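Report on one structure; see the data block that follows.
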Amino acid sequence: MKNSKSAVFRRQQELLSLLKKEKSIDVDTAAQKLNVSPTTVRRDLTVFEKQHLVERFHGGARLLEGTLKEEDLPTMKGKAQIDYEQKQAIARYAAGLIEDGDTIFMNSSSTTLMLLDYLHGKRVIIVTNNSNAIGYPHDPLVSIILTGGEIYQRRQSLVGEFALHTLTKINADKCFIGVGGISVRGGITTSVLPETAINEMMMRRCQGACYVLAATSKVGREHNFLSAPIDNISTLITCTGADEQEIQNLRDHQVKVIEIPYTVTDTPSKR
């Protein structure tokens, strides 16, 4: 377990957090703080250097300014409202693609969680690593299975070896993935390193269509960590107004793109 992919991702995320806080670190100090060997720290820094996140110097590294992207946290009221309305429109459309009897994967994004607002009258099993699904209102015909695992506090997502092991035991009919960014060049990306393994496993264990749900601000954008190349998905569901060239690029790479109109009145029905 110690050298599993999820353990490596967790350690690298801790090292990135240290870099973000300190801006510059030396290998020996980082190794002591993370309780790993200096060789392990150097190996991780080499990975970050290849990702153009850090600049190496003798005995350490410094974080390159502006390279470590964060999740979208809209600060302008108008933008936040637009993002929310788009997520509602996308989730409502995506819920219409789910059929009675389906087993689906749903990752930790806020957009995929909104599927629960629009799933009515269908007997569906949802497998998710989103701990926010606990207690989220939903139709009684919908069964929710949590992957279990370690809680990634910043997003309340479930990650790690236990979550991955759960997914290896399940085949899904459809998969719905929310992303930090999607582009032909960058693929499907996120700002949370431990979540990449979960997203990748969900797509791998899906026997049917893999859908990416993304507001227009995510289209053409690249985050730091790759979940999968663009070839791993069948369909992007977004809203009207996304970057036209990127939309065309995606279609040229055999990705079906569905663009949903959205309005301020697009709110879910309440039970």
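Chain labels run A, B, ... following the order of the structure tokens; each chain numbers its residues from 1, and ligands are numbered from 1 in the order shown.
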Return as a PyMOL selection string the full set of residues in range 65-259 of chain A whose backbone-based DSSP assignment is alpha helix (DSSP H). chain A and resi 77-95+110-113+115-118+161-168+193-204+244-252
How close does range 16-119 of chain A get to range 243-267 of chain A? List, as CSV, each residue of range 16-119 of chain A within 10 Å, its nearest atom pair and the distance in Å to one decimal, counting only C-alpha atoms.
residue,atom,partner,partner_atom,distance
A:Gln81,CA,A:Val264,CA,8.5
A:Ile82,CA,A:Val264,CA,8.2
A:Tyr84,CA,A:Val264,CA,9.5
A:Glu85,CA,A:Val264,CA,6.4
A:Gln86,CA,A:Tyr262,CA,6.1
A:Lys87,CA,A:Tyr262,CA,9.2
A:Gln88,CA,A:Thr267,CA,6.6
A:Ala89,CA,A:Tyr262,CA,5.8
A:Ile90,CA,A:Ile260,CA,6.7
A:Arg92,CA,A:Asp266,CA,9.0
A:Tyr93,CA,A:Ile260,CA,7.8
A:Asp117,CA,A:Thr267,CA,9.3
A:Tyr118,CA,A:Thr267,CA,9.9
Could you jot down the CA of Ser234 in chain A to CA of Val212 in chain A separation for me, Å, one decimal place? 8.3 Å
Using only C-alpha atoms, can you tell me which of A:Gly160, A:Gly187, A:Gly241, A:Gly220 comes closest to Met201 in chain A? A:Gly160
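Among the candidates A:Ser37, A:Asn130, A:Asn224, A:Thr238, the residue lying nearest to Glu150 in chain A is A:Asn130 (atoms considered: only C-alpha atoms).
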If you run DSSP on the backbone here, which positions in range 11-236 of chain A get strand (DSSP E)? Please write them as a tab-separated table (two decimals) with N, CA and C atoms, in the first residue's frame.
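To be explicit, this is the file written out as selection07.tsv:
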chain	number	residue	atom	x	y	z
A	24	SER	N	9.48	28.24	-1.36
A	24	SER	CA	10.77	27.63	-1.67
A	24	SER	C	11.12	26.65	-0.56
A	25	ILE	N	11.61	25.47	-0.93
A	25	ILE	CA	11.93	24.47	0.08
A	25	ILE	C	13.28	23.83	-0.22
A	26	ASP	N	13.92	23.31	0.84
A	26	ASP	CA	15.09	22.48	0.62
A	26	ASP	C	14.70	21.03	0.85
A	54	VAL	N	7.72	23.83	-10.77
A	54	VAL	CA	8.80	24.30	-9.90
A	54	VAL	C	10.06	24.54	-10.72
A	55	GLU	N	10.95	25.32	-10.11
A	55	GLU	CA	12.30	25.51	-10.64
A	55	GLU	C	13.27	24.91	-9.64
A	56	ARG	N	14.08	23.97	-10.10
A	56	ARG	CA	15.01	23.31	-9.21
A	56	ARG	C	16.26	24.16	-8.99
A	57	PHE	N	16.82	24.07	-7.79
A	57	PHE	CA	18.15	24.61	-7.52
A	57	PHE	C	18.88	23.59	-6.65
A	60	GLY	N	17.21	21.93	-3.47
A	60	GLY	CA	15.81	22.27	-3.25
A	60	GLY	C	15.10	22.71	-4.51
A	61	ALA	N	13.99	23.43	-4.31
A	61	ALA	CA	13.19	23.91	-5.44
A	61	ALA	C	12.33	25.07	-4.98
A	62	ARG	N	11.91	25.89	-5.94
A	62	ARG	CA	10.97	26.98	-5.67
A	62	ARG	C	9.76	26.85	-6.58
A	63	LEU	N	8.60	27.21	-6.05
A	63	LEU	CA	7.36	27.15	-6.81
A	63	LEU	C	7.34	28.29	-7.83
A	103	THR	N	-26.75	1.69	-13.55
A	103	THR	CA	-25.75	1.93	-12.50
A	103	THR	C	-24.77	2.94	-13.06
A	104	ILE	N	-24.57	4.05	-12.35
A	104	ILE	CA	-23.72	5.11	-12.89
A	104	ILE	C	-22.62	5.48	-11.90
A	105	PHE	N	-21.50	5.94	-12.47
A	105	PHE	CA	-20.45	6.56	-11.68
A	105	PHE	C	-20.65	8.06	-11.72
A	106	MET	N	-20.42	8.70	-10.59
A	106	MET	CA	-20.55	10.15	-10.47
A	106	MET	C	-19.38	10.63	-9.62
A	124	VAL	N	-32.29	3.82	-9.98
A	124	VAL	CA	-30.91	4.03	-10.40
A	124	VAL	C	-29.98	3.80	-9.22
A	125	ILE	N	-28.82	3.20	-9.50
A	125	ILE	CA	-27.76	3.07	-8.50
A	125	ILE	C	-26.65	4.05	-8.85
A	126	ILE	N	-26.31	4.92	-7.92
A	126	ILE	CA	-25.24	5.89	-8.12
A	126	ILE	C	-24.06	5.51	-7.24
A	127	VAL	N	-22.90	5.35	-7.85
A	127	VAL	CA	-21.66	5.09	-7.12
A	127	VAL	C	-20.82	6.35	-7.20
A	128	THR	N	-20.48	6.92	-6.05
A	128	THR	CA	-19.80	8.22	-6.06
A	128	THR	C	-18.75	8.32	-4.97
A	142	VAL	N	-33.68	6.20	-6.03
A	142	VAL	CA	-32.24	6.32	-6.30
A	142	VAL	C	-31.45	5.79	-5.11
A	143	SER	N	-30.59	4.81	-5.36
A	143	SER	CA	-29.70	4.27	-4.31
A	143	SER	C	-28.31	4.86	-4.49
A	144	ILE	N	-27.71	5.29	-3.40
A	144	ILE	CA	-26.38	5.90	-3.45
A	144	ILE	C	-25.38	5.01	-2.71
A	145	ILE	N	-24.30	4.67	-3.40
A	145	ILE	CA	-23.21	3.90	-2.81
A	145	ILE	C	-21.97	4.78	-2.78
A	146	LEU	N	-21.43	5.01	-1.59
A	146	LEU	CA	-20.19	5.77	-1.46
A	146	LEU	C	-19.00	4.83	-1.60
A	150	GLU	N	-10.35	7.88	2.09
A	150	GLU	CA	-9.91	9.03	2.87
A	150	GLU	C	-10.64	10.29	2.38
A	151	ILE	N	-10.96	11.19	3.31
A	151	ILE	CA	-11.65	12.43	2.94
A	151	ILE	C	-10.62	13.50	2.60
A	152	TYR	N	-10.70	14.00	1.38
A	152	TYR	CA	-9.88	15.14	0.98
A	152	TYR	C	-10.66	16.38	1.40
A	157	SER	N	-14.11	15.19	-0.92
A	157	SER	CA	-14.12	14.04	-1.82
A	157	SER	C	-13.44	12.85	-1.14
A	158	LEU	N	-13.81	11.67	-1.56
A	158	LEU	CA	-13.24	10.43	-1.03
A	158	LEU	C	-12.18	9.93	-2.00
A	159	VAL	N	-10.98	9.73	-1.51
A	159	VAL	CA	-9.86	9.35	-2.37
A	159	VAL	C	-9.07	8.22	-1.70
A	174	LYS	N	-22.99	4.01	-17.20
A	174	LYS	CA	-22.64	5.36	-17.66
A	174	LYS	C	-21.77	6.01	-16.59
A	175	CYS	N	-21.00	7.01	-17.01
A	175	CYS	CA	-20.08	7.71	-16.10
A	175	CYS	C	-20.22	9.20	-16.33
A	176	PHE	N	-20.35	9.96	-15.25
A	176	PHE	CA	-20.48	11.41	-15.32
A	176	PHE	C	-19.35	12.06	-14.52
A	177	ILE	N	-18.51	12.79	-15.22
A	177	ILE	CA	-17.31	13.37	-14.62
A	177	ILE	C	-17.34	14.88	-14.72
A	178	GLY	N	-17.27	15.56	-13.59
A	178	GLY	CA	-17.04	17.00	-13.58
A	178	GLY	C	-15.55	17.27	-13.58
A	181	GLY	N	-10.91	21.37	-15.98
A	181	GLY	CA	-10.69	21.87	-17.33
A	181	GLY	C	-10.78	20.75	-18.33
A	182	ILE	N	-11.11	21.09	-19.58
A	182	ILE	CA	-11.12	20.10	-20.65
A	182	ILE	C	-10.68	20.78	-21.94
A	183	SER	N	-9.73	20.16	-22.61
A	183	SER	CA	-9.25	20.66	-23.89
A	183	SER	C	-8.62	19.52	-24.66
A	187	GLY	N	-6.37	17.52	-22.29
A	187	GLY	CA	-7.19	16.41	-21.84
A	187	GLY	C	-8.15	16.82	-20.74
A	188	ILE	N	-8.48	15.86	-19.87
A	188	ILE	CA	-9.39	16.08	-18.75
A	188	ILE	C	-8.55	16.32	-17.51
A	189	THR	N	-8.63	17.52	-16.94
A	189	THR	CA	-7.71	17.88	-15.87
A	189	THR	C	-8.45	18.39	-14.63
A	190	THR	N	-7.72	18.36	-13.52
A	190	THR	CA	-8.26	18.79	-12.23
A	190	THR	C	-7.16	19.47	-11.43
A	210	CYS	N	-19.07	7.73	-21.43
A	210	CYS	CA	-18.46	8.58	-20.42
A	210	CYS	C	-18.73	10.04	-20.77
A	211	TYR	N	-19.43	10.73	-19.88
A	211	TYR	CA	-19.81	12.12	-20.12
A	211	TYR	C	-18.99	13.04	-19.23
A	212	VAL	N	-18.47	14.11	-19.82
A	212	VAL	CA	-17.88	15.19	-19.04
A	212	VAL	C	-18.90	16.32	-18.94
A	213	LEU	N	-19.15	16.78	-17.72
A	213	LEU	CA	-20.07	17.89	-17.47
A	213	LEU	C	-19.23	19.11	-17.12
A	225	PHE	N	-3.33	18.71	-13.19
A	225	PHE	CA	-3.21	17.27	-13.09
A	225	PHE	C	-4.18	16.55	-14.03
A	226	LEU	N	-3.64	15.59	-14.76
A	226	LEU	CA	-4.38	14.89	-15.82
A	226	LEU	C	-5.14	13.69	-15.26
A	227	SER	N	-6.46	13.66	-15.51
A	227	SER	CA	-7.25	12.48	-15.19
A	227	SER	C	-7.25	11.49	-16.35
A	228	ALA	N	-7.32	12.01	-17.58
A	228	ALA	CA	-7.34	11.13	-18.76
A	228	ALA	C	-7.19	11.98	-20.01
A	235	THR	N	-18.62	12.11	-24.76
A	235	THR	CA	-19.47	13.29	-24.90
A	235	THR	C	-19.11	14.37	-23.89
A	236	LEU	N	-19.09	15.59	-24.34
A	236	LEU	CA	-19.01	16.76	-23.46
A	236	LEU	C	-20.37	17.44	-23.43
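Separating CA of Gln207 in chain A from CA of Leu119 in chain A is a distance of 20.9 Å.
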Best match for closeness to His223 in chain A among A:Leu19, A:Ala95, A:Val179, A:Ala7, counting only C-alpha atoms: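 Once distances to His223 in chain A are computed over only C-alpha atoms, the minimum belongs to A:Val179.
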Using only C-alpha atoms, which of the listed residues (A:Glu22, A:Asp173, A:Asp83, A:Glu65) sits closest to His52 in chain A?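 Nearest candidate to His52 in chain A out of A:Glu22, A:Asp173, A:Asp83, A:Glu65: A:Glu65.
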